[in-house]
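One file, my_file_9.pdb, carrying PDB, C-alpha atoms:
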```pdb
ATOM      1  CA  MET A 294     -18.504  21.215  36.463
ATOM      2  CA  GLN A 295     -18.231  18.325  33.986
ATOM      3  CA  VAL A 296     -20.132  18.839  30.721
ATOM      4  CA  LYS A 297     -22.277  15.843  29.772
ATOM      5  CA  LYS A 298     -21.304  14.387  26.409
ATOM      6  CA  LYS A 299     -23.764  14.309  23.549
ATOM      7  CA  LEU A 300     -24.999  10.896  22.411
ATOM      8  CA  LEU A 301     -23.323  11.043  18.983
ATOM      9  CA  ASP A 302     -20.012  11.985  20.607
ATOM     10  CA  ILE A 303     -20.316   8.930  22.857
ATOM     11  CA  VAL A 304     -21.029   6.837  19.748
ATOM     12  CA  ARG A 305     -17.855   8.181  18.099
ATOM     13  CA  ASP A 306     -15.783   7.437  21.201
ATOM     14  CA  LYS A 307     -17.101   3.879  21.355
ATOM     15  CA  ILE A 308     -16.414   3.283  17.655
ATOM     16  CA  ARG A 309     -12.827   4.486  18.076
ATOM     17  CA  PHE A 310     -12.410   2.375  21.201
ATOM     18  CA  LYS A 311     -13.477  -0.650  19.115
ATOM     19  CA  HIS A 312     -10.899   0.343  16.454
ATOM     20  CA  TYR A 313     -13.464   0.674  13.654
ATOM     21  CA  SER A 314     -12.463   2.585  10.543
ATOM     22  CA  TYR A 315     -13.257   6.237   9.986
ATOM     23  CA  SER A 316     -15.626   5.344   7.138
ATOM     24  CA  THR A 317     -17.569   3.044   9.502
ATOM     25  CA  GLU A 318     -17.690   5.855  12.047
ATOM     26  CA  ARG A 319     -19.178   8.273   9.533
ATOM     27  CA  THR A 320     -21.683   5.681   8.306
ATOM     28  CA  TYR A 321     -22.893   4.643  11.761
ATOM     29  CA  VAL A 322     -23.184   8.228  13.000
ATOM     30  CA  HIS A 323     -25.162   9.137   9.866
ATOM     31  CA  TRP A 324     -27.738   6.356  10.326
ATOM     32  CA  ILE A 325     -28.097   6.853  14.063
ATOM     33  CA  LYS A 326     -28.683  10.580  13.555
ATOM     34  CA  HIS A 327     -31.144   9.810  10.742
ATOM     35  CA  TYR A 328     -33.024   7.370  13.000
ATOM     36  CA  ILE A 329     -33.309   9.931  15.818
ATOM     37  CA  LEU A 330     -34.485  12.697  13.479
ATOM     38  CA  PHE A 331     -37.075  10.352  11.929
ATOM     39  CA  HIS A 332     -38.602   9.957  15.387
ATOM     40  CA  HIS A 333     -38.568  13.717  16.041
ATOM     41  CA  LYS A 334     -35.366  13.757  18.145
ATOM     42  CA  LYS A 335     -36.685  11.265  20.663
ATOM     43  CA  HIS A 336     -33.864   9.701  22.704
ATOM     44  CA  PRO A 337     -33.126   6.077  21.662
ATOM     45  CA  VAL A 338     -33.462   4.933  25.292
ATOM     46  CA  GLU A 339     -37.148   5.899  25.074
ATOM     47  CA  MET A 340     -37.585   3.913  21.858
ATOM     48  CA  GLY A 341     -37.455   0.219  21.073
ATOM     49  CA  LYS A 342     -38.724  -2.540  18.820
ATOM     50  CA  ASP A 343     -41.672  -0.631  17.292
ATOM     51  CA  GLU A 344     -39.618   2.459  16.450
ATOM     52  CA  ILE A 345     -36.819   0.416  14.878
ATOM     53  CA  GLU A 346     -39.296  -1.593  12.780
ATOM     54  CA  SER A 347     -41.097   1.509  11.538
ATOM     55  CA  TYR A 348     -37.781   3.163  10.643
ATOM     56  CA  LEU A 349     -36.421   0.176   8.722
ATOM     57  CA  THR A 350     -39.755  -0.290   6.956
ATOM     58  CA  LYS A 351     -39.716   3.370   5.940
ATOM     59  CA  LEU A 352     -36.245   2.913   4.412
ATOM     60  CA  ALA A 353     -37.463  -0.024   2.319
ATOM     61  CA  VAL A 354     -40.938   1.185   1.326
ATOM     62  CA  LYS A 355     -40.661   4.963   1.062
ATOM     63  CA  ASP A 356     -36.952   5.527   0.452
ATOM     64  CA  LYS A 357     -36.611   2.320  -1.605
ATOM     65  CA  VAL A 358     -33.055   1.728  -0.399
ATOM     66  CA  SER A 359     -31.103  -1.364  -1.394
ATOM     67  CA  PRO A 360     -30.886  -4.392   0.935
ATOM     68  CA  THR A 361     -27.241  -3.508   1.612
ATOM     69  CA  THR A 362     -28.149   0.019   2.681
ATOM     70  CA  GLN A 363     -30.975  -1.183   4.927
ATOM     71  CA  ASN A 364     -28.677  -3.736   6.564
ATOM     72  CA  GLN A 365     -26.089  -1.008   7.056
ATOM     73  CA  ALA A 366     -28.639   1.130   8.895
ATOM     74  CA  PHE A 367     -29.711  -1.857  10.988
ATOM     75  CA  SER A 368     -26.077  -2.584  11.917
ATOM     76  CA  ALA A 369     -25.689   1.005  13.081
ATOM     77  CA  LEU A 370     -28.741   0.668  15.330
ATOM     78  CA  LEU A 371     -27.488  -2.656  16.682
ATOM     79  CA  PHE A 372     -24.226  -0.958  17.606
ATOM     80  CA  LEU A 373     -26.072   1.946  19.226
ATOM     81  CA  TYR A 374     -28.271  -0.206  21.447
ATOM     82  CA  LYS A 375     -25.777  -2.941  22.319
ATOM     83  CA  GLU A 376     -22.419  -1.151  22.545
ATOM     84  CA  VAL A 377     -23.464   2.376  23.551
ATOM     85  CA  LEU A 378     -26.718   1.991  25.485
ATOM     86  CA  GLY A 379     -26.106  -1.535  26.771
ATOM     87  CA  ILE A 380     -29.492  -2.790  25.598
ATOM     88  CA  ASP A 381     -29.802  -6.317  24.182
ATOM     89  CA  MET A 382     -31.959  -6.336  21.027
ATOM     90  CA  SER A 383     -31.790 -10.098  20.496
ATOM     91  CA  GLU A 384     -35.146 -10.713  22.216
ATOM     92  CA  TRP A 385     -36.965  -7.998  20.278
ATOM     93  CA  ASN A 386     -37.290 -10.118  17.101
ATOM     94  CA  ILE A 387     -37.331  -7.147  14.728
ATOM     95  CA  GLN A 388     -39.918  -7.691  11.966
ATOM     96  CA  ALA A 389     -39.500  -4.851   9.500
ATOM     97  CA  LEU A 390     -40.291  -4.979   5.795
ATOM     98  CA  ARG A 391     -37.014  -5.891   4.154
ATOM     99  CA  ALA A 392     -35.713  -4.212   1.039
ATOM    100  CA  GLN A 393     -36.023  -6.576  -1.906
ATOM    101  CA  GLU A 394     -32.797  -8.449  -2.456
ATOM    102  CA  ARG A 395     -31.696  -9.482  -5.893
ATOM    103  CA  LYS A 396     -28.991 -12.036  -6.480
ATOM    104  CA  HIS A 397     -26.505 -10.775  -9.035
ATOM    105  CA  ILE A 398     -23.755 -12.833 -10.618
ATOM    106  CA  PRO A 399     -20.560 -10.743 -10.448
ATOM    107  CA  VAL A 400     -19.329  -9.155 -13.647
ATOM    108  CA  VAL A 401     -15.790 -10.278 -14.430
ATOM    109  CA  LEU A 402     -13.153  -9.338 -16.962
ATOM    110  CA  SER A 403     -11.262 -11.740 -19.169
ATOM    111  CA  LYS A 404      -7.465 -11.792 -18.793
ATOM    112  CA  GLU A 405      -7.196  -9.759 -21.993
ATOM    113  CA  GLU A 406      -9.687  -7.173 -20.717
ATOM    114  CA  VAL A 407      -7.780  -6.865 -17.429
ATOM    115  CA  GLN A 408      -4.604  -6.111 -19.374
ATOM    116  CA  LYS A 409      -6.409  -3.520 -21.496
ATOM    117  CA  VAL A 410      -7.529  -1.658 -18.373
ATOM    118  CA  LEU A 411      -4.079  -1.910 -16.769
ATOM    119  CA  ARG A 412      -2.459  -0.403 -19.861
ATOM    120  CA  ASN A 413      -4.683   2.658 -19.515
ATOM    121  CA  VAL A 414      -4.339   3.217 -15.755
ATOM    122  CA  PRO A 415      -2.038   6.202 -14.960
ATOM    123  CA  ALA A 416       1.469   5.118 -13.952
ATOM    124  CA  GLU A 417       1.114   6.221 -10.305
ATOM    125  CA  TYR A 418      -1.842   3.850  -9.798
ATOM    126  CA  THR A 419      -0.777   0.897 -11.965
ATOM    127  CA  LEU A 420       0.943  -1.036  -9.164
ATOM    128  CA  ILE A 421      -2.108  -0.700  -6.882
ATOM    129  CA  VAL A 422      -4.446  -2.104  -9.542
ATOM    130  CA  HIS A 423      -1.953  -4.868 -10.353
ATOM    131  CA  LEU A 424      -2.065  -5.885  -6.682
ATOM    132  CA  MET A 425      -5.858  -5.772  -6.579
ATOM    133  CA  TYR A 426      -6.041  -8.191  -9.495
ATOM    134  CA  GLY A 427      -2.921 -10.226  -8.743
ATOM    135  CA  CYS A 428      -3.890 -10.809  -5.085
ATOM    136  CA  GLY A 429      -7.688 -10.468  -5.151
ATOM    137  CA  LEU A 430      -7.569  -7.494  -2.791
ATOM    138  CA  ARG A 431     -10.420  -5.188  -1.961
ATOM    139  CA  MET A 432      -9.566  -1.570  -2.731
ATOM    140  CA  ASN A 433      -9.269  -0.624   0.938
ATOM    141  CA  GLU A 434      -7.051  -3.639   1.628
ATOM    142  CA  ALA A 435      -4.646  -2.523  -1.088
ATOM    143  CA  LEU A 436      -4.660   1.115   0.002
ATOM    144  CA  ASN A 437      -4.167   0.248   3.688
ATOM    145  CA  LEU A 438      -1.013  -1.765   3.055
ATOM    146  CA  ARG A 439       2.010  -0.593   5.068
ATOM    147  CA  THR A 440       5.643  -1.119   4.043
ATOM    148  CA  LYS A 441       5.948  -3.783   6.758
ATOM    149  CA  ASP A 442       3.152  -5.836   5.189
ATOM    150  CA  ILE A 443       5.298  -6.927   2.239
ATOM    151  CA  ASP A 444       7.506  -9.868   3.201
ATOM    152  CA  PHE A 445      10.115 -10.049   0.446
ATOM    153  CA  GLU A 446      12.016 -12.903   2.105
ATOM    154  CA  PHE A 447       9.090 -15.311   2.214
ATOM    155  CA  ASP A 448       7.196 -13.771  -0.743
ATOM    156  CA  LYS A 449       4.049 -13.023   1.236
ATOM    157  CA  ILE A 450       1.690 -10.098   1.632
ATOM    158  CA  TYR A 451      -0.002  -9.710   5.006
ATOM    159  CA  ILE A 452      -3.570  -8.405   5.190
ATOM    160  CA  TRP A 453      -4.568  -7.210   8.673
ATOM    161  CA  ASP A 454      -8.013  -6.270   9.969
ATOM    162  CA  SER A 455      -9.800  -6.955   6.699
ATOM    163  CA  LYS A 456     -13.561  -6.701   6.199
ATOM    164  CA  SER A 457     -13.993 -10.187   7.613
ATOM    165  CA  LEU A 458     -11.852  -9.253  10.650
ATOM    166  CA  LYS A 459      -9.708 -12.253   9.768
ATOM    167  CA  ASP A 460      -6.004 -11.657   9.114
ATOM    168  CA  ARG A 461      -4.549 -13.582   6.183
ATOM    169  CA  THR A 462      -1.483 -13.945   3.970
ATOM    170  CA  ILE A 463      -1.405 -13.950   0.183
ATOM    171  CA  PRO A 464       1.396 -15.107  -2.145
ATOM    172  CA  LEU A 465       3.402 -12.144  -3.444
ATOM    173  CA  PRO A 466       3.159 -12.104  -7.270
ATOM    174  CA  GLN A 467       6.722 -12.557  -8.528
ATOM    175  CA  LYS A 468       6.088 -10.233 -11.478
ATOM    176  CA  LEU A 469       5.472  -7.389  -9.009
ATOM    177  CA  LYS A 470       8.373  -8.043  -6.626
ATOM    178  CA  SER A 471      10.870  -5.617  -8.173
ATOM    179  CA  GLN A 472       8.196  -2.909  -8.520
ATOM    180  CA  LEU A 473       7.207  -3.319  -4.871
ATOM    181  CA  LEU A 474      10.865  -3.047  -3.800
ATOM    182  CA  GLU A 475      11.118   0.201  -5.766
ATOM    183  CA  GLN A 476       7.866   1.442  -4.203
ATOM    184  CA  VAL A 477       9.199   0.826  -0.686
ATOM    185  CA  GLU A 478      12.314   2.862  -1.551
ATOM    186  CA  LYS A 479      10.115   5.707  -2.827
ATOM    187  CA  VAL A 480       8.158   5.659   0.433
ATOM    188  CA  LYS A 481      11.431   5.846   2.378
ATOM    189  CA  GLU A 482      12.463   8.959   0.432
ATOM    190  CA  ILE A 483       9.058  10.606   0.961
ATOM    191  CA  HIS A 484       9.118   9.739   4.655
ATOM    192  CA  LYS A 485      12.635  11.131   5.113
ATOM    193  CA  ALA A 486      11.562  14.437   3.523
ATOM    194  CA  ASP A 487       8.422  14.548   5.695
ATOM    195  CA  LEU A 488      10.478  14.107   8.862
ATOM    196  CA  GLU A 489      12.818  16.900   7.803
ATOM    197  CA  ASN A 490       9.786  19.156   7.259
ATOM    198  CA  GLY A 491       8.317  18.443  10.688
ATOM    199  CA  TYR A 492       5.793  15.806   9.636
ATOM    200  CA  GLY A 493       6.280  12.057   9.154
ATOM    201  CA  SER A 494       3.592  10.660  11.459
ATOM    202  CA  VAL A 495       0.977   8.248  10.149
ATOM    203  CA  HIS A 496      -2.321   6.926  11.486
ATOM    204  CA  ILE A 497      -1.958   3.609  13.308
ATOM    205  CA  PRO A 498      -4.532   1.669  15.373
ATOM    206  CA  TYR A 499      -5.390   3.503  18.605
ATOM    207  CA  ALA A 500      -4.163   0.781  20.990
ATOM    208  CA  LEU A 501      -0.772   0.572  19.266
ATOM    209  CA  ALA A 502      -0.437   4.356  19.097
ATOM    210  CA  LYS A 503      -0.987   4.517  22.830
ATOM    211  CA  LYS A 504       1.359   1.633  23.630
ATOM    212  CA  TYR A 505       4.091   2.640  21.176
ATOM    213  CA  PRO A 506       3.882   6.445  20.758
ATOM    214  CA  LYS A 507       6.976   6.540  18.506
ATOM    215  CA  ALA A 508       5.655   3.905  16.112
ATOM    216  CA  GLN A 509       3.685   6.428  14.055
ATOM    217  CA  HIS A 510       6.988   7.953  12.875
ATOM    218  CA  GLU A 511       8.617   4.640  11.922
ATOM    219  CA  ILE A 512       9.066   3.746   8.260
ATOM    220  CA  LYS A 513       7.507   0.289   8.671
ATOM    221  CA  TRP A 514       4.141   1.846   9.513
ATOM    222  CA  GLN A 515       4.072   4.221   6.538
ATOM    223  CA  PHE A 516       1.462   3.544   3.879
ATOM    224  CA  LEU A 517       2.804   1.705   0.837
ATOM    225  CA  PHE A 518       0.820   4.007  -1.462
ATOM    226  CA  PRO A 519       0.933   7.486   0.110
ATOM    227  CA  MET A 520      -0.913  10.558  -1.092
ATOM    228  CA  LYS A 521       1.026  13.247  -2.912
ATOM    229  CA  ASN A 522       0.175  15.853  -0.299
ATOM    230  CA  ILE A 523       0.016  16.156   3.471
ATOM    231  CA  SER A 524      -3.579  16.229   4.772
ATOM    232  CA  VAL A 525      -5.389  16.821   8.064
ATOM    233  CA  ASP A 526      -6.435  13.715   9.985
ATOM    234  CA  PRO A 527     -10.248  14.044  10.492
ATOM    235  CA  ARG A 528     -10.013  12.489  13.967
ATOM    236  CA  SER A 529      -6.821  13.853  15.528
ATOM    237  CA  LYS A 530      -6.664  17.020  13.360
ATOM    238  CA  GLU A 531      -2.953  16.330  13.000
ATOM    239  CA  LYS A 532      -1.240  17.043   9.674
ATOM    240  CA  ARG A 533       0.095  13.804   8.237
ATOM    241  CA  ARG A 534       0.407  11.825   5.007
ATOM    242  CA  TYR A 535      -2.455   9.418   4.331
ATOM    243  CA  HIS A 536      -2.809   6.779   1.623
ATOM    244  CA  VAL A 537      -4.167   7.401  -1.887
ATOM    245  CA  HIS A 538      -7.805   8.433  -1.678
ATOM    246  CA  PRO A 539     -10.280   5.667  -2.710
ATOM    247  CA  GLN A 540     -12.348   8.055  -4.827
ATOM    248  CA  THR A 541      -9.253   9.147  -6.730
ATOM    249  CA  LEU A 542      -8.291   5.555  -7.495
ATOM    250  CA  GLY A 543     -11.869   4.618  -8.388
ATOM    251  CA  ARG A 544     -12.144   7.535 -10.795
ATOM    252  CA  ASN A 545      -8.900   6.609 -12.551
ATOM    253  CA  ILE A 546     -10.021   2.983 -12.933
ATOM    254  CA  LYS A 547     -13.292   4.131 -14.495
ATOM    255  CA  VAL A 548     -11.481   6.394 -16.958
ATOM    256  CA  ALA A 549      -9.028   3.584 -17.820
ATOM    257  CA  ALA A 550     -11.943   1.253 -18.622
ATOM    258  CA  GLN A 551     -13.478   3.909 -20.878
ATOM    259  CA  LYS A 552     -10.172   4.335 -22.718
ATOM    260  CA  ALA A 553      -9.998   0.553 -23.109
ATOM    261  CA  ASN A 554     -13.412   0.679 -24.829
ATOM    262  CA  LEU A 555     -14.982  -1.886 -22.501
ATOM    263  CA  ASN A 556     -18.765  -2.059 -22.409
ATOM    264  CA  LYS A 557     -18.768  -3.653 -18.944
ATOM    265  CA  ARG A 558     -19.281  -1.652 -15.765
ATOM    266  CA  VAL A 559     -15.761  -1.610 -14.357
ATOM    267  CA  THR A 560     -15.264  -0.785 -10.671
ATOM    268  CA  SER A 561     -12.398  -1.504  -8.310
ATOM    269  CA  HIS A 562     -14.119  -4.697  -7.108
ATOM    270  CA  ILE A 563     -14.231  -6.227 -10.580
ATOM    271  CA  PHE A 564     -10.538  -7.117 -10.258
ATOM    272  CA  ARG A 565     -11.255  -9.179  -7.125
ATOM    273  CA  HIS A 566     -14.096 -10.958  -8.943
ATOM    274  CA  SER A 567     -11.832 -11.592 -11.938
ATOM    275  CA  TYR A 568      -9.039 -12.900  -9.681
ATOM    276  CA  ALA A 569     -11.316 -15.501  -8.080
ATOM    277  CA  THR A 570     -12.862 -16.540 -11.394
ATOM    278  CA  HIS A 571      -9.507 -16.928 -13.142
ATOM    279  CA  LEU A 572      -8.179 -19.037 -10.251
ATOM    280  CA  LEU A 573     -11.219 -21.340 -10.548
ATOM    281  CA  GLN A 574     -10.673 -21.638 -14.290
ATOM    282  CA  ALA A 575      -7.042 -22.569 -13.576
ATOM    283  CA  GLY A 576      -8.218 -25.466 -11.377
ATOM    284  CA  ILE A 577      -7.543 -23.971  -7.925
ATOM    285  CA  ASP A 578      -9.902 -25.539  -5.368
ATOM    286  CA  LEU A 579     -12.719 -23.517  -3.809
ATOM    287  CA  ARG A 580     -11.451 -23.771  -0.210
ATOM    288  CA  SER A 581      -8.076 -22.300  -1.154
ATOM    289  CA  ILE A 582      -9.761 -19.422  -2.968
ATOM    290  CA  GLN A 583     -11.979 -18.843   0.066
ATOM    291  CA  GLU A 584      -8.883 -18.454   2.263
ATOM    292  CA  LEU A 585      -7.138 -16.194  -0.241
ATOM    293  CA  LEU A 586     -10.183 -13.921  -0.444
ATOM    294  CA  GLY A 587     -10.730 -13.951   3.309
ATOM    295  CA  HIS A 588     -14.365 -15.058   3.082
ATOM    296  CA  LYS A 589     -15.939 -16.259   6.329
ATOM    297  CA  SER A 590     -18.130 -18.784   4.541
ATOM    298  CA  VAL A 591     -17.407 -20.927   1.502
ATOM    299  CA  GLU A 592     -20.952 -20.120   0.326
ATOM    300  CA  THR A 593     -19.800 -16.571  -0.413
ATOM    301  CA  THR A 594     -16.981 -17.928  -2.569
ATOM    302  CA  MET A 595     -19.292 -20.348  -4.381
ATOM    303  CA  ILE A 596     -20.840 -17.490  -6.340
ATOM    304  CA  TYR A 597     -17.768 -17.668  -8.583
ATOM    305  CA  THR A 598     -18.617 -21.236  -9.528
ATOM    306  CA  HIS A 599     -21.830 -19.800 -10.994
ATOM    307  CA  VAL A 600     -19.767 -17.275 -12.960
ATOM    308  CA  VAL A 601     -17.629 -20.051 -14.454
ATOM    309  CA  SER A 602     -20.771 -22.084 -15.135
ATOM    310  CA  GLU A 603     -22.286 -19.183 -17.066
ATOM    311  CA  MET A 604     -19.065 -18.859 -19.047
ATOM    312  CA  ASN A 605     -19.200 -22.551 -19.925
ATOM    313  CA  LYS A 606     -22.805 -22.156 -21.084
ATOM    314  CA  ALA A 607     -21.606 -19.548 -23.554
ATOM    315  CA  LYS A 608     -19.499 -22.277 -25.215
ATOM    316  CA  LEU A 609     -22.598 -24.377 -25.894
ATOM    317  CA  ILE A 610     -24.035 -24.136 -29.367
ATOM    318  CA  SER A 611     -27.604 -23.782 -30.537
ATOM    319  CA  PRO A 612     -29.383 -26.727 -32.221
ATOM    320  CA  LEU A 613     -29.558 -24.480 -35.272
ATOM    321  CA  ASP A 614     -25.758 -24.722 -35.513
ATOM    322  CA  PHE A 615     -25.532 -28.513 -35.313
TER
END
```
Now that the file is in, can you turn its structure into structure tokens?
Amino acid sequence: MQVKKKLLDIVRDKIRFKHYSYSTERTYVHWIKHYILFHHKKHPVEMGKDEIESYLTKLAVKDKVSPTTQNQAFSALLFLYKEVLGIDMSEWNIQALRAQERKHIPVVLSKEEVQKVLRNVPAEYTLIVHLMYGCGLRMNEALNLRTKDIDFEFDKIYIWDSKSLKDRTIPLPQKLKSQLLEQVEKVKEIHKADLENGYGSVHIPYALAKKYPKAQHEIKWQFLFPMKNISVDPRSKEKRRYHVHPQTLGRNIKVAAQKANLNKRVTSHIFRHSYATHLLQAGIDLRSIQELLGHKSVETTMIYTHVVSEMNKAKLISPLDF
């Protein structure tokens, strides 16, 4: 007798079939479970427009979540109804109270401040942060780099399956070329030892793992910035070496900023903001920066023109100083 799968297990299967990341899987499952519990474990098939509106309104009014968080929950419900249950929500015209959105101009670092932080980042993470600033990478884009993604012959870095789902190439910073070559050699040594110890496999996209079962043991698929220790894959339960943990890198960046005595709130994303702003200041056109950042819309990139504008305002003097 075949056991009927639970709804959340079906959600997980569908997410993996669509090749979404593990963090997206956890997030979507969390919000879908939260939505069901809010409506006293009622099955989503028995719910619709009214239940979704009341849930999203509750998040905004009672829980006072941010617009990003509310949109995240809404995306999870869209996935549930469209991809899992096969129900089209487009005609429902959801009218929930939206969390209040505030437009913030990104905080950026000057070139001198970037260097101060870099000097205080522990040696094992310095190259990662250099890449984040030197290429405008998101943290996850930097951490998900494989050895094959660095093209030393044509001086390019390939970014696959980014947040925008748009693959792109970025110029390889010449100042980092020798360090990246050394890093690849370190990965080769680690991988050789892992194979000798009965490990050596790495997570690769499901479709490729199925089509090329030996690929997960190949050096080209190994993470460019591997963890120090072998860990257990949360999906396959297989013991393998993953990339540096985002929280570990984020914590070290925060500590480095404190040691640099910066009063600004420094996160991993500030290097991407600084990269775009410094390119604008250097006269690089907006469209080129949009492509380098992987933004879908130029409007997203235009926020950096406001940053530069604010910086220029700071150069203006008061009438009192005339």
Check your understanding: Which polymer residues have any atom within 6 Å of an atom of stretch 350-356 of chain A, counting only C-alpha atoms, with same-chain residues fewer than 5 positions away left out, as an NGL selection string?
Key -> :A and (389-390 or 392)
Check your understanding: Could you pull the residues within 8 Å of stretch 543-553 of chain A, counting only C-alpha atoms, minus those fewer than 4 positions along the same chain, as number ranges by chain?
Key -> A: 409-415, 539, 559-561
Study note, to complete from the structure: Atom pair atom CA of A:Ser529 + atom CA of A:Tyr492, distance 14.1 Å
I'd like the box whose edges run along x, y and z of the file and which contains every listed atom of stretch 538-542 of chain A, padded by 4 Å per side; could you state its centre and edge lengths in Å, one decimal, as AutoDock Vina command-line options?
```
--center_x -10.1 --center_y 7.4 --center_z -4.6 --size_x 12.5 --size_y 11.6 --size_z 13.8
```
Review point. Care to translate the PyMOL selection byres ((chain A and resi 307) around 12) into actual residues of this file, as a count of residues only?
Key: 26
Review point. Hey, which of A:His397, A:Leu438, A:Lys507, A:Ile421 ends up closest to A:Tyr597? Count all atoms listed in the file.
Key: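 The shortest atom-to-atom distance to A:Tyr597 comes from A:His397.
The interatomic distance for the pair atom CA of A:Tyr505 and atom CA of A:Met432 works out to 27.9 Å.
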**Study point:** Contacts of stretch 463-474 of chain A at 6 Å (only C-alpha atoms; same-chain gap of 4+ positions) as a list in words
**Key:** Asp448, Lys449 and Ile450 of chain A
Check your understanding: With distances taken over only C-alpha atoms, which of A:Ile483, A:Leu371, A:Ile582, A:Val422 is nearest to A:Met520?
Key ->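 Among the listed residues, A:Ile483 lies closest to A:Met520.
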**Study point:** Separation of atom CA of A:Tyr328 from atom CA of A:Lys342, in Å and rounded to one decimal
**Key:**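 Value for the atom CA of A:Tyr328-atom CA of A:Lys342 distance: 12.8 Å.
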**Study point:** Spatial neighbours of A:Gln363, max dist 7 Å, only C-alpha atoms, sep filter under 3 positions, as a ChimeraX atom specification
**Key:** /A:349,352,358-360,366-367,392
